[in-house]
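Undergrad: Dropping the structure in here first, questions after.
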Amino acid sequence: GGGDRWRVRAGRARLGTMVDNRYATALVIACVLSTLATVYLSVAVGTQHWYEYSSPAVRGEANVSEVRALYEEFVDGEFDEKTYSDTLFRLNGTVGLWWRCVRVPRHAHWSRESLQICRSFSLPQQFTPKYKEPGNHNSGEDMVRTYLWRCQFVLPLVSLGLVVLAGLTGFVACLCQSLTPTLGIGVLHLLAGLCTLATVCCYLAGMDLLHRVSMLPDKVDGSLGWSLYLALISSPLHMMAAALLVWAARSHSQNYYRMTAYRVA
């Protein structure tokens with residue numbers, strides 16, 4: 001009778017509360033992961049420690065003069081891939097997506113105390129073709145390196161744009177108190193994670209090809225920097241957020257139809 005109906009309704013209410021709590025937990029965790037991933041990627045894009053060179057100390061007047069000339073060309077000269085690459089090799093350089101930096105002594109006599117000098121890649125420079133022999137414009141354009149370079153700076157911007165779009169969509173969904181866009185937000189996060197992963201792959205491939213056509217000098221070592229690792233970490237974080245959002249969307253949809261069937265019954 002009436003008691004049985006009351007118990008059934010109470011059971012449905014508890015089930016709905018449990019399901020709502022699971023969705024809320026998943027959404028909160030997804031938001032935290034997305035925020036961390038976006039911060040990591042933003043820091044990675046804005047810093048220059050994607051690749052770092054370790055150079056031996058400059059000794060001898062001839063070497064000092066040569067390195068000083070490279071530094072002056074790096075600071076005041078025209079943009080040229082071979083020139084700035086040679087300077088990065090010789091002066092403990094670091095290079096990122098938008099910045100290139102070298103370390104030079106603070107004093108004119110080139111003491112051990114050093115100062116970091118950075119120059120940014122302008123937008124036209126980002127689209128400058130790469131050549132099969134860096135510095136030799138007659139050697140022909142290296143299409144693979146050219147498009148790897150362009151992808152490595154376009155893709156992270158696309159990734160950040162997708163996350164911003166997902167955030168705006170989620171904000172509107174909250175105002176409307178609807179979980180309907182959750183699946184789309186999850187897909188946007190998945191695409192953002194893939195774009196970030198593709199950025200890292202393009203950068204690594206581009207650096208490998210550069211070192212094949214511009215051999216590192218003796219006793220100069222290259223290593224991956226922390227900026228690249230931040231970008232690499234942000235990719236799975238976006239993908240995990242996407243997985244949680246997609247799960248919440250699909251589970252909510254299935255539960256909605258199940259509860260509707262219960263009410264009809």
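A note on labels: chains of the structure tokens are A, B, ... as shown, every chain counts residues from 1, and ligands are counted from 1 in their shown order.
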Counting only C-alpha atoms, what is within 7 Å of A:Val163, bar same-chain residues fewer than 3 positions away, as a list in words?
TA: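 Residues near the query, excluding close chain neighbours: Ser159, Leu160, Ala166, Gly167, Leu188, His189 and Ala192 of chain A.
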Undergrad: For the interface of stretch 28-83 of chain A with stretch 236-252 of chain A (cut-off 7 Å, counting only C-alpha atoms), please tabulate each contacting residue of stretch 28-83 of chain A alongside its nearest pair of atoms and their separation in Å to one decimal, rows sorted by chain and increasing number, as a tab-separated table.
TA:
```
residue	atom	partner	partner_atom	distance
A:Ala30	CA	A:Ala241	CA	4.3
A:Leu33	CA	A:Leu237	CA	5.6
A:Ser34	CA	A:His238	CA	5.6
A:Ala37	CA	A:Leu237	CA	5.5
```
Undergrad: Take the residues from that selection and put them in a file with N, CA, C and O atoms, as an mmCIF file, in the first residue's frame.
TA:
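Just written: again-v7.cif:
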```cif
data_model
loop_
_atom_site.group_PDB
_atom_site.id
_atom_site.type_symbol
_atom_site.label_atom_id
_atom_site.label_comp_id
_atom_site.auth_asym_id
_atom_site.auth_seq_id
_atom_site.Cartn_x
_atom_site.Cartn_y
_atom_site.Cartn_z
ATOM 1 N N ALA A 30 37.669 16.756 -12.532
ATOM 2 C CA ALA A 30 37.966 17.146 -13.920
ATOM 3 C C ALA A 30 38.344 18.621 -13.998
ATOM 4 O O ALA A 30 39.274 18.993 -14.725
ATOM 5 N N LEU A 33 41.924 19.003 -12.621
ATOM 6 C CA LEU A 33 42.900 18.504 -13.604
ATOM 7 C C LEU A 33 43.032 19.465 -14.777
ATOM 8 O O LEU A 33 44.148 19.743 -15.249
ATOM 9 N N SER A 34 41.909 19.976 -15.248
ATOM 10 C CA SER A 34 41.931 20.908 -16.377
ATOM 11 C C SER A 34 42.672 22.192 -16.016
ATOM 12 O O SER A 34 43.463 22.718 -16.811
ATOM 13 N N ALA A 37 46.425 21.450 -15.828
ATOM 14 C CA ALA A 37 46.964 21.249 -17.170
ATOM 15 C C ALA A 37 47.103 22.574 -17.913
ATOM 16 O O ALA A 37 48.106 22.821 -18.591
#
```
Undergrad: Write out as number ranges by chain the residues lying within 12 Å of A:Ser85, counting only C-alpha atoms and excluding same-chain residues fewer than 3 positions away.
TA: A: 51-53, 70-71, 73-74, 79-82, 88-95, 100-102, 134-135, 207, 210-211, 213-217
Undergrad: Kindly export the residues of the current selection with C-alpha atoms, as a PDB file, in the first residue's frame.
TA:
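File written: result.pdb
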```
ATOM      1  CA  TYR A  51      65.868  22.662 -24.822  1.00  0.00           C
ATOM      2  CA  GLU A  52      69.103  23.570 -23.056  1.00  0.00           C
ATOM      3  CA  TYR A  53      72.735  23.530 -24.176  1.00  0.00           C
ATOM      4  CA  LEU A  70      78.346  35.747 -32.060  1.00  0.00           C
ATOM      5  CA  TYR A  71      76.737  37.415 -29.066  1.00  0.00           C
ATOM      6  CA  GLU A  73      75.076  39.259 -33.838  1.00  0.00           C
ATOM      7  CA  PHE A  74      72.564  37.455 -31.635  1.00  0.00           C
ATOM      8  CA  PHE A  79      67.337  37.013 -37.722  1.00  0.00           C
ATOM      9  CA  ASP A  80      69.145  33.961 -39.095  1.00  0.00           C
ATOM     10  CA  GLU A  81      68.744  30.374 -37.940  1.00  0.00           C
ATOM     11  CA  LYS A  82      72.408  29.451 -38.255  1.00  0.00           C
ATOM     12  CA  LEU A  88      73.006  28.997 -28.468  1.00  0.00           C
ATOM     13  CA  PHE A  89      75.519  26.169 -28.897  1.00  0.00           C
ATOM     14  CA  ARG A  90      78.463  28.252 -27.668  1.00  0.00           C
ATOM     15  CA  LEU A  91      76.840  30.308 -24.898  1.00  0.00           C
ATOM     16  CA  ASN A  92      74.819  27.833 -22.800  1.00  0.00           C
ATOM     17  CA  GLY A  93      71.682  28.707 -24.719  1.00  0.00           C
ATOM     18  CA  THR A  94      68.097  27.769 -24.018  1.00  0.00           C
ATOM     19  CA  VAL A  95      65.321  27.825 -26.589  1.00  0.00           C
ATOM     20  CA  ARG A 100      65.793  32.058 -27.234  1.00  0.00           C
ATOM     21  CA  CYS A 101      68.331  32.944 -24.543  1.00  0.00           C
ATOM     22  CA  VAL A 102      72.095  32.843 -23.992  1.00  0.00           C
ATOM     23  CA  PRO A 134      70.851  26.623 -42.147  1.00  0.00           C
ATOM     24  CA  GLY A 135      72.084  30.038 -43.217  1.00  0.00           C
ATOM     25  CA  MET A 207      65.307  19.659 -32.785  1.00  0.00           C
ATOM     26  CA  LEU A 210      68.226  20.629 -36.668  1.00  0.00           C
ATOM     27  CA  HIS A 211      71.053  18.749 -34.965  1.00  0.00           C
ATOM     28  CA  VAL A 213      72.071  19.576 -40.302  1.00  0.00           C
ATOM     29  CA  SER A 214      73.861  21.704 -37.650  1.00  0.00           C
ATOM     30  CA  MET A 215      76.251  19.487 -35.741  1.00  0.00           C
ATOM     31  CA  LEU A 216      76.908  20.404 -32.125  1.00  0.00           C
ATOM     32  CA  PRO A 217      80.467  21.616 -31.414  1.00  0.00           C
TER      33      PRO A 217
END
```
Undergrad: Select, from A:Val144, A:Cys202, A:Val164, A:Ala24, the residue with the minimum atom-to-atom distance to A:Val39, counting only C-alpha atoms.
TA: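 Residue with the minimum atom-to-atom distance to A:Val39: A:Val164.
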Undergrad: When you count only C-alpha atoms, which of these residues is closest to A:Glu133: A:Ile185, A:Leu209, A:Ala44, A:Leu27?
TA: A:Leu209
Undergrad: Name the residues of stretch 1-246 of chain A that fall into strand (DSSP E or B) according to DSSP on the backbone, using the chain letters and numbers of this document, as a ChimeraX atom specification.
TA: /A:51-54,94-95,99-105,114-120,131,141,221-224
Undergrad: Output as a ChimeraX atom specification all residues of stretch 12-214 of chain A that backbone DSSP marks as alpha helix (DSSP H).
TA: /A:12-46,61-76,81-90,123-126,143-176,182-213
Undergrad: Within 7 Å of stretch 116-130 of chain A, counting only C-alpha atoms, which residues qualify if same-chain residues fewer than 5 places away don't, as JSON, numbers by chain?
TA: {"A": [98, 99, 100, 101, 102, 103, 104, 141, 142, 145, 146, 150]}
Undergrad: Mind pulling up the distance from atom CA of A:His49 to atom CA of A:Leu224?
TA: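 Computing the Euclidean distance for atom CA of A:Leu224 and atom CA of A:His49 yields 7.8 Å.
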Undergrad: How many Å lie between atom CA of A:Cys195 and atom CA of A:Ala26, rounded to one decimal?
TA: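 Computed distance, atom CA of A:Cys195 to atom CA of A:Ala26, equals 23.4 Å.
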Undergrad: Of the residues A:Asp208, A:Val45, A:Ser65, A:Ser227, which is the one nearest to A:Gln152, using only C-alpha atoms?
TA: A:Val45
Undergrad: Just how far from atom CA of A:Cys31 is atom CA of A:Val172, in Å to one decimal?
TA: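 Distance reported for this atom pair: 14.7 Å.
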